[in-house]
Amino acid sequence: MNAPASPKTIRLADYTVPSYLVDNVDLHFDLDASTTRVTSILNMRRNPKGPGEDCVLNGEHLELISIKLDGRTLTAAEFQRSNTQLVLPQLPEKFQLEIVTEIYPDQNMALEGLYHSGALVCTQCEAEGFRRITYYPDRPDVMAVFTVTITADKQKWPILLSNGNLQEQGESEDGRHWVRWHDPHPKPCYLFALVAGDLYMQQDSFTTLSGRDVTLQIYVDKENHDKCDHALVSLKQSMRWDEETYGREYDLDVFMIVAVNDFNMGAMENKGLNIFNAACVLASPKTATDNDFYTIQSIVGHEYFHNWSGNRVTCRDWFQLSLKEGFTVMRDQSFSADLNSAAVQRIDDVDQLRSLQFAEDAGPMAHPVRPDSYIEISNFYTVTIYEKGAEVVRMIKTLVGKKGFRKGTDLYFDRHDGQAVTTDDFVKAIEDANRIDLTQFKRWYTQAGTPVITATHQYDATKKILTLTLQQSCPATPGQTEKQPFLIPVAMGLLDAAGNSLPLQLIDEAEPYDNDTRVLELSEAEQTFRFIGVDQKPVVSLLRGFSAPVKLQIERDNEELAFLMANEKDSFNRWDAGQSLFIQVMLSLINDYQQDKTLQLPEILSKQCAAVLEDKTADPALVARMLTLPSENYLAAQMKVADVDAIHHVRKFVKDTLAIQLKAQFDTLYQQHNLPNVPYQFNSEHMGRRSLKNVCLGYLMATGDPMQTQRCLKQMKQADNMTDTLSGLRLMVDQPGTEREHALRAFYEQWQHDRQVVDKWLTVQALSSLPDTLIRIKGLMKHPAFSIKNPNNVRALIGQFCRNNPALFHAKDGSGYRFLTEQILLLDKINPQVASRQLGAFNSWRRYDVKRQEMMRDALQNIAQQQDLSSDVYEIVNKYLA
Ligand code: ARG
Ligand code: ZN
């Protein structure tokens, strides 16, 4: 667990190809939760292209039992060993190593390598967990064919799984049994997986496009036997979608998913044996919300799509992480868009990108999609690598078009199948398939920071010409002061006063443009576009569908935003105009509040919201999003100095005022979409109606009318699904009184046996706006429902409070900061990855007032001064303080 005195920075510029390769590996696990003996037989050879030095094998937290070279046991003088490496000098061209180690799954709380969780033991090897299992060249550019034999007590561990196809199995006399798995596809060790346990299995099958039958299996704790259907359906949808959309078929006889209660992240794409955080796979209507159902579908898709984008074609080194993650997120986003509502998907993706990734890009951890250096790779599983990486691939698709993109990905998969490659190789395949040059575009991979586009325009009524000027700039980020211009696709359109599209013919074009939207390519610091034949002064709509991950600055008054909110063709931009209107109004109210002026809501806002509420043709899911106010965190990011209290007060004022002014409309819509007698179904229509109904209920509760509390309680009582129950509970916890306490108690009593639901119960309390929230959180940490060793518990309670309850986390007395500091120091001794994630709540610490900055700096310095920090926490805390 302890890092070396001062952890080392790893640089992309220092990359060298491996000196030795592994052709195949035979792993034998003599398995038990307390001590597992691992025998690894490696058939290795010198890499003709390698630098030809000693053979370096990684290994950490290992008890070395023996090493044999070509059958001969090596003496201690014949190799060097440290806490992290085993170095073998003077090896022949080709040789066999047999290494025996012992590991202790029970004691592994970092949840990397082989660890024990409830009824099972399992592995997590990405990025560098395999080195906690045995000595091995733990780097993704060493790909080998794995054969894995597991021996274990049959009663205790009836199910024994690993990657690939099941080859053989048998029993030994002492109550033990064994299985042998063989994975014919060469893979890096980060894709290795092993699971043993006493689990329930649900089975299904899938026939691939070419007619091969694949067995599908989901393994879960026995009590979760009724929560597998949704993941299985999602898996089949994913398999079909990847065949139809990318021409990719599955390539083994069996595909397995295992649900695990203790897991550092969401899920892991181990070849043929995906391991999931239980929260990202288990679902039943009674226990999972619409949001859970939706997320599970997308994560099952994400991990499945990795089989090609990640496994068949993998990363050369960890600087290339976005090669698989950015591309795969982009794939899962379009999968979700195809299966559900594309407009809603885009709004939710952009909302998340802007609130989380833009904050990362504006803070001390800002890094390019392909970073140049890192200390601890686990810290780089970030929204930049994932979500911005996905935006970058999406822009490539926008630039080459749908067909061109498919040609490009076909070439990429074909050319690099079985290889470990770079983001440059990915872009090169797209370039070659489309005969284009993306040299400038590649700056998106190397320059950090969110570009800002400033747009101005002038209309010449006599010549009927619109002149649009776009300027771009990008703020400095750590290690990058100067930036070169990006190539930015700007999808845009022009609207007349009635909301109709105007032509988009540029001045040097002979023919009119035949579409309502066109993509301008902004490649210089400043560029001017002249549109001819524009009959009237247009409203300019820019960045339709959020065609690039940039901040757009364009001066629009409230009336123009309201016009776009009502008339814009692109549903994303309609929503975005509404968000901009909310933000503009709230920033101005915050100003008033800071100057002690009485607050008054501009009429145009309630008028516009009323129009949204009364639009009978609108998709309820979109209406729900249109009526959702920007979060306090997002508002904070729009201010020079974030004023926590003013933001909280003003946002509540706007919500309460709208609630009172539009009470009748909210009431009507609530009743229209509340269908207590219709059984739960997970589909876009029902989901949209539930989300709108619950947004309305939120406003109705904000009126302060006691009748609405009764309605909320009634909804909770009648609901046959967790979406409606939890929406009710969330609203109840902000109201002090006995009804609140009763609702929380009753909810826990009903669901205490269900980990996923208990985590929701913790979160609801962590997000309460009542002043005693932190005291209650400390109490909950002593409750049997909570364990500091369980990452989901930590995220549900501590993480949610620190990230999503800004008014209380940033309390003036510093109590929130002290609380987080204590938890981080405690967690770092248990699970460094989880500890380091929690530090993220301090990401924007320099954006608050002087007093809060001082308190947060003290907190960070306190952490930085501790002895024996993990490399995970060491890296983040020092970058924050730099
Ligand atoms: N590759 C996984 C994914 O699908 C992420 C797993 C990383 N886990 C970790 N502990 N570093 O996104
Ligand atoms: Zn992934």
# chains A, B, ... in the order shown; residues from 1 in each chain; ligands from 1

call {"tool": "residues_around", "arguments": {"residues": "stretch 484-501 of chain A", "least_positions_apart": "4", "cutoff": "6 Å", "atoms": "only C-alpha atoms", "output": "number ranges by chain"}}
result
A: 441, 517-525, 538-544, 547, 567

call {"tool": "residues_near_ligand", "arguments": {"ligand": "ligand 1", "cutoff": "8 Å", "atoms": "only C-alpha atoms and all ligand atoms", "output": "PyMOL selection string"}}
result
chain A and resi 111-112+124-128+263-269+299+302-303+306+325+377-378+381+386+833

call {"tool": "residues_around", "arguments": {"residues": "A:Val695", "least_positions_apart": "3", "cutoff": "8 Å", "atoms": "only C-alpha atoms", "output": "PyMOL selection string"}}
result
chain A and resi 624+627-628+691-692+698-699

call {"tool": "write_last_selection", "arguments": {"atoms": "C-alpha atoms", "output": "compact mmCIF listing (two decimals), in the first residue's frame"}}
result
# COMPACT_ATOMS: atom_id res chain seq x y z
CA ALA A 624 -38.53 17.61 -17.78
CA LEU A 627 -37.58 22.71 -16.51
CA THR A 628 -34.57 21.49 -14.56
CA SER A 691 -39.31 12.12 -15.07
CA LEU A 692 -41.66 14.96 -15.96
CA GLY A 698 -40.42 18.88 -7.04
CA TYR A 699 -41.88 22.26 -7.93

call {"tool": "residues_near_ligand", "arguments": {"ligand": "ligand 2", "cutoff": "12 Å", "atoms": "only C-alpha atoms and all ligand atoms", "output": "ChimeraX atom specification"}}
result
/A:126-127,191,265-270,274-276,298-311,314,321-332,381-383,385-387,389-390

call {"tool": "atom_distance", "arguments": {"atom1": "atom CA of A:Leu31", "atom2": "atom CA of A:Asp106"}}
result
11.7 Å

call {"tool": "residues_around", "arguments": {"residues": "A:Leu62", "least_positions_apart": "2", "cutoff": "6 Å", "atoms": "only C-alpha atoms", "output": "list in words"}}
result
Glu60, Leu64 and Ile103 of chain A

call {"tool": "write_last_selection", "arguments": {"atoms": "C-alpha atoms", "output": "mmCIF file, in the first residue's frame"}}
result
data_model
loop_
_atom_site.group_PDB
_atom_site.id
_atom_site.type_symbol
_atom_site.label_atom_id
_atom_site.label_comp_id
_atom_site.auth_asym_id
_atom_site.auth_seq_id
_atom_site.Cartn_x
_atom_site.Cartn_y
_atom_site.Cartn_z
ATOM 1 C CA GLU A 60 4.042 -5.960 -5.831
ATOM 2 C CA LEU A 64 7.997 -15.192 -3.843
ATOM 3 C CA ILE A 103 -0.994 -13.860 -2.305
#

call {"tool": "atom_distance", "arguments": {"atom1": "atom CA of A:Ala637", "atom2": "atom CA of A:Val585"}}
result
15.3 Å

call {"tool": "select_by_dssp", "arguments": {"residues": "stretch 334-472 of chain A", "states": "strand (DSSP E)", "output": "list in words"}}
result
Ser373, Tyr374, Ala420, Val421, Val452, Ile453, Thr454, Ala455, Thr456, His457, Gln458, Tyr459, Asp460, Ile465, Leu466, Thr467, Leu468, Thr469, Leu470, Gln471 and Gln472 of chain A

call {"tool": "select_by_dssp", "arguments": {"residues": "stretch 274-352 of chain A", "states": "alpha helix (DSSP H)", "output": "MDAnalysis selection string"}}
result
chainID A and resid 290:305 321:339 342:352

call {"tool": "write_last_selection", "arguments": {"atoms": "C-alpha atoms", "output": "PDB file, in the first residue's frame"}}
result
ATOM      1  CA  ASP A 290     -35.173   4.577 -14.422  1.00  0.00           C
ATOM      2  CA  ASN A 291     -31.779   6.145 -14.244  1.00  0.00           C
ATOM      3  CA  ASP A 292     -30.288   2.868 -12.995  1.00  0.00           C
ATOM      4  CA  PHE A 293     -31.965   0.909 -15.795  1.00  0.00           C
ATOM      5  CA  TYR A 294     -30.664   3.398 -18.323  1.00  0.00           C
ATOM      6  CA  THR A 295     -27.128   3.431 -16.939  1.00  0.00           C
ATOM      7  CA  ILE A 296     -26.979  -0.352 -16.726  1.00  0.00           C
ATOM      8  CA  GLN A 297     -27.947  -0.649 -20.387  1.00  0.00           C
ATOM      9  CA  SER A 298     -25.176   1.766 -21.338  1.00  0.00           C
ATOM     10  CA  ILE A 299     -22.488   0.168 -19.134  1.00  0.00           C
ATOM     11  CA  VAL A 300     -23.321  -3.341 -20.316  1.00  0.00           C
ATOM     12  CA  GLY A 301     -22.974  -1.909 -23.818  1.00  0.00           C
ATOM     13  CA  HIS A 302     -19.752  -0.102 -22.957  1.00  0.00           C
ATOM     14  CA  GLU A 303     -18.019  -3.197 -21.597  1.00  0.00           C
ATOM     15  CA  TYR A 304     -19.292  -5.378 -24.398  1.00  0.00           C
ATOM     16  CA  PHE A 305     -18.110  -2.905 -27.065  1.00  0.00           C
ATOM     17  CA  LEU A 321      -6.032   5.034 -22.552  1.00  0.00           C
ATOM     18  CA  SER A 322      -8.502   7.228 -24.438  1.00  0.00           C
ATOM     19  CA  LEU A 323      -7.888   5.139 -27.548  1.00  0.00           C
ATOM     20  CA  LYS A 324     -10.148   2.535 -26.004  1.00  0.00           C
ATOM     21  CA  GLU A 325     -12.096   4.586 -23.460  1.00  0.00           C
ATOM     22  CA  GLY A 326     -12.954   7.664 -25.529  1.00  0.00           C
ATOM     23  CA  PHE A 327     -13.901   5.561 -28.517  1.00  0.00           C
ATOM     24  CA  THR A 328     -15.907   3.103 -26.416  1.00  0.00           C
ATOM     25  CA  VAL A 329     -17.787   5.850 -24.567  1.00  0.00           C
ATOM     26  CA  MET A 330     -18.611   7.390 -27.926  1.00  0.00           C
ATOM     27  CA  ARG A 331     -19.876   3.977 -29.031  1.00  0.00           C
ATOM     28  CA  ASP A 332     -21.968   3.438 -25.914  1.00  0.00           C
ATOM     29  CA  GLN A 333     -23.432   6.934 -26.212  1.00  0.00           C
ATOM     30  CA  SER A 334     -24.612   6.311 -29.752  1.00  0.00           C
ATOM     31  CA  PHE A 335     -25.918   2.869 -28.716  1.00  0.00           C
ATOM     32  CA  SER A 336     -28.025   4.539 -26.029  1.00  0.00           C
ATOM     33  CA  ALA A 337     -29.114   7.243 -28.462  1.00  0.00           C
ATOM     34  CA  ASP A 338     -30.229   4.599 -30.982  1.00  0.00           C
ATOM     35  CA  LEU A 339     -32.159   2.575 -28.422  1.00  0.00           C
ATOM     36  CA  ALA A 342     -31.204  10.664 -29.220  1.00  0.00           C
ATOM     37  CA  ALA A 343     -32.104  14.188 -28.089  1.00  0.00           C
ATOM     38  CA  VAL A 344     -32.318  13.280 -24.412  1.00  0.00           C
ATOM     39  CA  GLN A 345     -29.105  11.269 -24.643  1.00  0.00           C
ATOM     40  CA  ARG A 346     -27.247  14.224 -26.109  1.00  0.00           C
ATOM     41  CA  ILE A 347     -28.577  16.649 -23.503  1.00  0.00           C
ATOM     42  CA  ASP A 348     -27.573  14.351 -20.645  1.00  0.00           C
ATOM     43  CA  ASP A 349     -24.130  13.643 -22.098  1.00  0.00           C
ATOM     44  CA  VAL A 350     -23.371  17.319 -22.618  1.00  0.00           C
ATOM     45  CA  ASP A 351     -24.746  18.244 -19.225  1.00  0.00           C
ATOM     46  CA  GLN A 352     -22.346  15.788 -17.611  1.00  0.00           C
TER      47      GLN A 352
END

call {"tool": "closest_residue", "arguments": {"among": "A:Tyr848, A:Asn674, A:Ser787, A:Thr617", "to": "A:Asp643", "atoms": "only C-alpha atoms"}}
result
A:Tyr848

call {"tool": "residues_around", "arguments": {"residues": "A:Ser117", "least_positions_apart": "2", "cutoff": "6 Å", "atoms": "only C-alpha atoms", "output": "list in words"}}
result
Leu120, Val121 and Asp262 of chain A

call {"tool": "closest_residue", "arguments": {"among": "A:Thr36, A:Thr469, A:Ser6, A:Thr147", "to": "A:Asn24", "atoms": "only C-alpha atoms"}}
result
A:Thr147

call {"tool": "closest_residue", "arguments": {"among": "A:Leu282, A:Phe358, A:Thr454, A:Val421", "to": "A:Val17", "atoms": "only C-alpha atoms"}}
result
A:Val421

call {"tool": "residues_around", "arguments": {"residues": "A:Ala766", "least_positions_apart": "6", "cutoff": "9 Å", "atoms": "only C-alpha atoms", "output": "ChimeraX atom specification"}}
result
/A:773-774,776-777,796-802,804-805

call {"tool": "write_last_selection", "arguments": {"atoms": "C-alpha atoms", "output": "PDB file, in the first residue's frame"}}
result
ATOM      1  CA  THR A 773     -26.798  16.964   7.493  1.00  0.00           C
ATOM      2  CA  LEU A 774     -23.107  16.536   8.311  1.00  0.00           C
ATOM      3  CA  ARG A 776     -26.253  12.886  10.534  1.00  0.00           C
ATOM      4  CA  ILE A 777     -23.691  11.671   8.034  1.00  0.00           C
ATOM      5  CA  ALA A 796     -22.993   7.161  -1.744  1.00  0.00           C
ATOM      6  CA  LEU A 797     -22.481   8.964   1.531  1.00  0.00           C
ATOM      7  CA  ILE A 798     -19.152  10.817   1.668  1.00  0.00           C
ATOM      8  CA  GLY A 799     -18.716  11.363  -2.067  1.00  0.00           C
ATOM      9  CA  GLN A 800     -22.242  12.614  -2.655  1.00  0.00           C
ATOM     10  CA  PHE A 801     -22.084  15.024   0.255  1.00  0.00           C
ATOM     11  CA  CYS A 802     -18.745  16.524  -0.744  1.00  0.00           C
ATOM     12  CA  ASN A 804     -23.189  17.443  -4.690  1.00  0.00           C
ATOM     13  CA  ASN A 805     -24.119  19.287  -1.549  1.00  0.00           C
TER      14      ASN A 805
END

call {"tool": "atom_distance", "arguments": {"atom1": "atom CA of A:His783", "atom2": "atom CA of A:Glu822"}}
result
18.1 Å

call {"tool": "residues_around", "arguments": {"residues": "stretch 600-612 of chain A", "least_positions_apart": "5", "cutoff": "10 Å", "atoms": "only C-alpha atoms", "output": "list in words"}}
result
Asn558, Glu559, Leu561, Ala562, Phe563, Met565, Ala566, Gly578, Leu581, Phe582, Val585, Met586, Leu589, Asp592, Ala618, Leu622, Val623, Ala624, Met626, Leu627, Phe653, Val654, Thr657, Leu658, Ala659, Gln661, Leu662, Gln665 and Phe666 of chain A

call {"tool": "write_last_selection", "arguments": {"atoms": "N, CA and C atoms", "output": "PDB file, in the first residue's frame"}}
result
ATOM      1  N   ASN A 558     -32.178  38.278 -23.028  1.00  0.00           N
ATOM      2  CA  ASN A 558     -33.144  37.280 -22.570  1.00  0.00           C
ATOM      3  C   ASN A 558     -34.191  36.958 -23.629  1.00  0.00           C
ATOM      4  N   GLU A 559     -34.569  37.988 -24.433  1.00  0.00           N
ATOM      5  CA  GLU A 559     -35.599  37.776 -25.452  1.00  0.00           C
ATOM      6  C   GLU A 559     -35.112  36.807 -26.522  1.00  0.00           C
ATOM      7  N   LEU A 561     -32.781  34.526 -26.211  1.00  0.00           N
ATOM      8  CA  LEU A 561     -32.705  33.174 -25.637  1.00  0.00           C
ATOM      9  C   LEU A 561     -34.090  32.547 -25.563  1.00  0.00           C
ATOM     10  N   ALA A 562     -35.068  33.356 -25.166  1.00  0.00           N
ATOM     11  CA  ALA A 562     -36.437  32.853 -25.092  1.00  0.00           C
ATOM     12  C   ALA A 562     -36.934  32.442 -26.475  1.00  0.00           C
ATOM     13  N   PHE A 563     -36.558  33.225 -27.491  1.00  0.00           N
ATOM     14  CA  PHE A 563     -36.941  32.902 -28.861  1.00  0.00           C
ATOM     15  C   PHE A 563     -36.356  31.540 -29.272  1.00  0.00           C
ATOM     16  N   MET A 565     -35.324  29.178 -27.322  1.00  0.00           N
ATOM     17  CA  MET A 565     -35.923  28.160 -26.464  1.00  0.00           C
ATOM     18  C   MET A 565     -37.254  27.678 -27.060  1.00  0.00           C
ATOM     19  N   ALA A 566     -37.933  28.594 -27.715  1.00  0.00           N
ATOM     20  CA  ALA A 566     -39.238  28.250 -28.270  1.00  0.00           C
ATOM     21  C   ALA A 566     -39.151  27.772 -29.714  1.00  0.00           C
ATOM     22  N   GLY A 578     -32.528  27.468 -23.129  1.00  0.00           N
ATOM     23  CA  GLY A 578     -33.237  27.562 -21.862  1.00  0.00           C
ATOM     24  C   GLY A 578     -32.270  27.601 -20.689  1.00  0.00           C
ATOM     25  N   LEU A 581     -30.662  30.924 -20.539  1.00  0.00           N
ATOM     26  CA  LEU A 581     -31.586  31.913 -19.987  1.00  0.00           C
ATOM     27  C   LEU A 581     -31.624  31.819 -18.454  1.00  0.00           C
ATOM     28  N   PHE A 582     -31.758  30.595 -17.949  1.00  0.00           N
ATOM     29  CA  PHE A 582     -31.730  30.407 -16.488  1.00  0.00           C
ATOM     30  C   PHE A 582     -30.445  30.991 -15.900  1.00  0.00           C
ATOM     31  N   VAL A 585     -30.265  34.830 -16.020  1.00  0.00           N
ATOM     32  CA  VAL A 585     -31.155  35.406 -15.006  1.00  0.00           C
ATOM     33  C   VAL A 585     -30.585  35.197 -13.603  1.00  0.00           C
ATOM     34  N   MET A 586     -30.111  34.003 -13.343  1.00  0.00           N
ATOM     35  CA  MET A 586     -29.637  33.721 -11.980  1.00  0.00           C
ATOM     36  C   MET A 586     -28.361  34.485 -11.660  1.00  0.00           C
ATOM     37  N   LEU A 589     -29.417  37.835 -10.694  1.00  0.00           N
ATOM     38  CA  LEU A 589     -30.038  37.829  -9.364  1.00  0.00           C
ATOM     39  C   LEU A 589     -28.988  37.661  -8.270  1.00  0.00           C
ATOM     40  N   ASP A 592     -27.681  40.951  -7.585  1.00  0.00           N
ATOM     41  CA  ASP A 592     -28.627  41.699  -6.749  1.00  0.00           C
ATOM     42  C   ASP A 592     -28.531  41.260  -5.293  1.00  0.00           C
ATOM     43  N   ALA A 618     -44.865  18.364 -26.995  1.00  0.00           N
ATOM     44  CA  ALA A 618     -43.466  18.134 -26.616  1.00  0.00           C
ATOM     45  C   ALA A 618     -43.274  16.771 -25.945  1.00  0.00           C
ATOM     46  N   LEU A 622     -38.057  15.657 -22.621  1.00  0.00           N
ATOM     47  CA  LEU A 622     -37.417  16.932 -22.948  1.00  0.00           C
ATOM     48  C   LEU A 622     -37.976  18.051 -22.078  1.00  0.00           C
ATOM     49  N   VAL A 623     -39.284  18.049 -21.870  1.00  0.00           N
ATOM     50  CA  VAL A 623     -39.892  19.066 -21.010  1.00  0.00           C
ATOM     51  C   VAL A 623     -39.287  19.002 -19.613  1.00  0.00           C
ATOM     52  N   ALA A 624     -39.119  17.766 -19.111  1.00  0.00           N
ATOM     53  CA  ALA A 624     -38.535  17.611 -17.776  1.00  0.00           C
ATOM     54  C   ALA A 624     -37.163  18.260 -17.725  1.00  0.00           C
ATOM     55  N   MET A 626     -35.995  20.620 -19.758  1.00  0.00           N
ATOM     56  CA  MET A 626     -36.121  22.070 -19.954  1.00  0.00           C
ATOM     57  C   MET A 626     -36.430  22.779 -18.635  1.00  0.00           C
ATOM     58  N   LEU A 627     -37.145  22.083 -17.759  1.00  0.00           N
ATOM     59  CA  LEU A 627     -37.580  22.713 -16.512  1.00  0.00           C
ATOM     60  C   LEU A 627     -36.625  22.464 -15.352  1.00  0.00           C
ATOM     61  N   PHE A 653     -34.652  30.580  -4.624  1.00  0.00           N
ATOM     62  CA  PHE A 653     -35.624  31.647  -4.903  1.00  0.00           C
ATOM     63  C   PHE A 653     -36.291  31.430  -6.269  1.00  0.00           C
ATOM     64  N   VAL A 654     -35.482  31.151  -7.284  1.00  0.00           N
ATOM     65  CA  VAL A 654     -36.035  30.962  -8.632  1.00  0.00           C
ATOM     66  C   VAL A 654     -36.985  29.771  -8.642  1.00  0.00           C
ATOM     67  N   THR A 657     -40.198  30.598  -6.658  1.00  0.00           N
ATOM     68  CA  THR A 657     -41.040  31.577  -7.345  1.00  0.00           C
ATOM     69  C   THR A 657     -41.753  30.949  -8.546  1.00  0.00           C
ATOM     70  N   LEU A 658     -41.009  30.201  -9.338  1.00  0.00           N
ATOM     71  CA  LEU A 658     -41.643  29.515 -10.473  1.00  0.00           C
ATOM     72  C   LEU A 658     -42.734  28.576  -9.970  1.00  0.00           C
ATOM     73  N   ALA A 659     -42.445  27.893  -8.875  1.00  0.00           N
ATOM     74  CA  ALA A 659     -43.407  26.937  -8.325  1.00  0.00           C
ATOM     75  C   ALA A 659     -44.722  27.631  -7.975  1.00  0.00           C
ATOM     76  N   GLN A 661     -45.785  30.656  -9.053  1.00  0.00           N
ATOM     77  CA  GLN A 661     -46.414  31.281 -10.221  1.00  0.00           C
ATOM     78  C   GLN A 661     -47.076  30.256 -11.141  1.00  0.00           C
ATOM     79  N   LEU A 662     -46.490  29.070 -11.265  1.00  0.00           N
ATOM     80  CA  LEU A 662     -46.975  28.095 -12.242  1.00  0.00           C
ATOM     81  C   LEU A 662     -47.599  26.870 -11.575  1.00  0.00           C
ATOM     82  N   GLN A 665     -50.212  24.837 -13.516  1.00  0.00           N
ATOM     83  CA  GLN A 665     -49.686  24.039 -14.632  1.00  0.00           C
ATOM     84  C   GLN A 665     -48.942  22.798 -14.132  1.00  0.00           C
ATOM     85  N   PHE A 666     -48.137  22.990 -13.094  1.00  0.00           N
ATOM     86  CA  PHE A 666     -47.415  21.836 -12.554  1.00  0.00           C
ATOM     87  C   PHE A 666     -48.404  20.781 -12.063  1.00  0.00           C
TER      88      PHE A 666
END
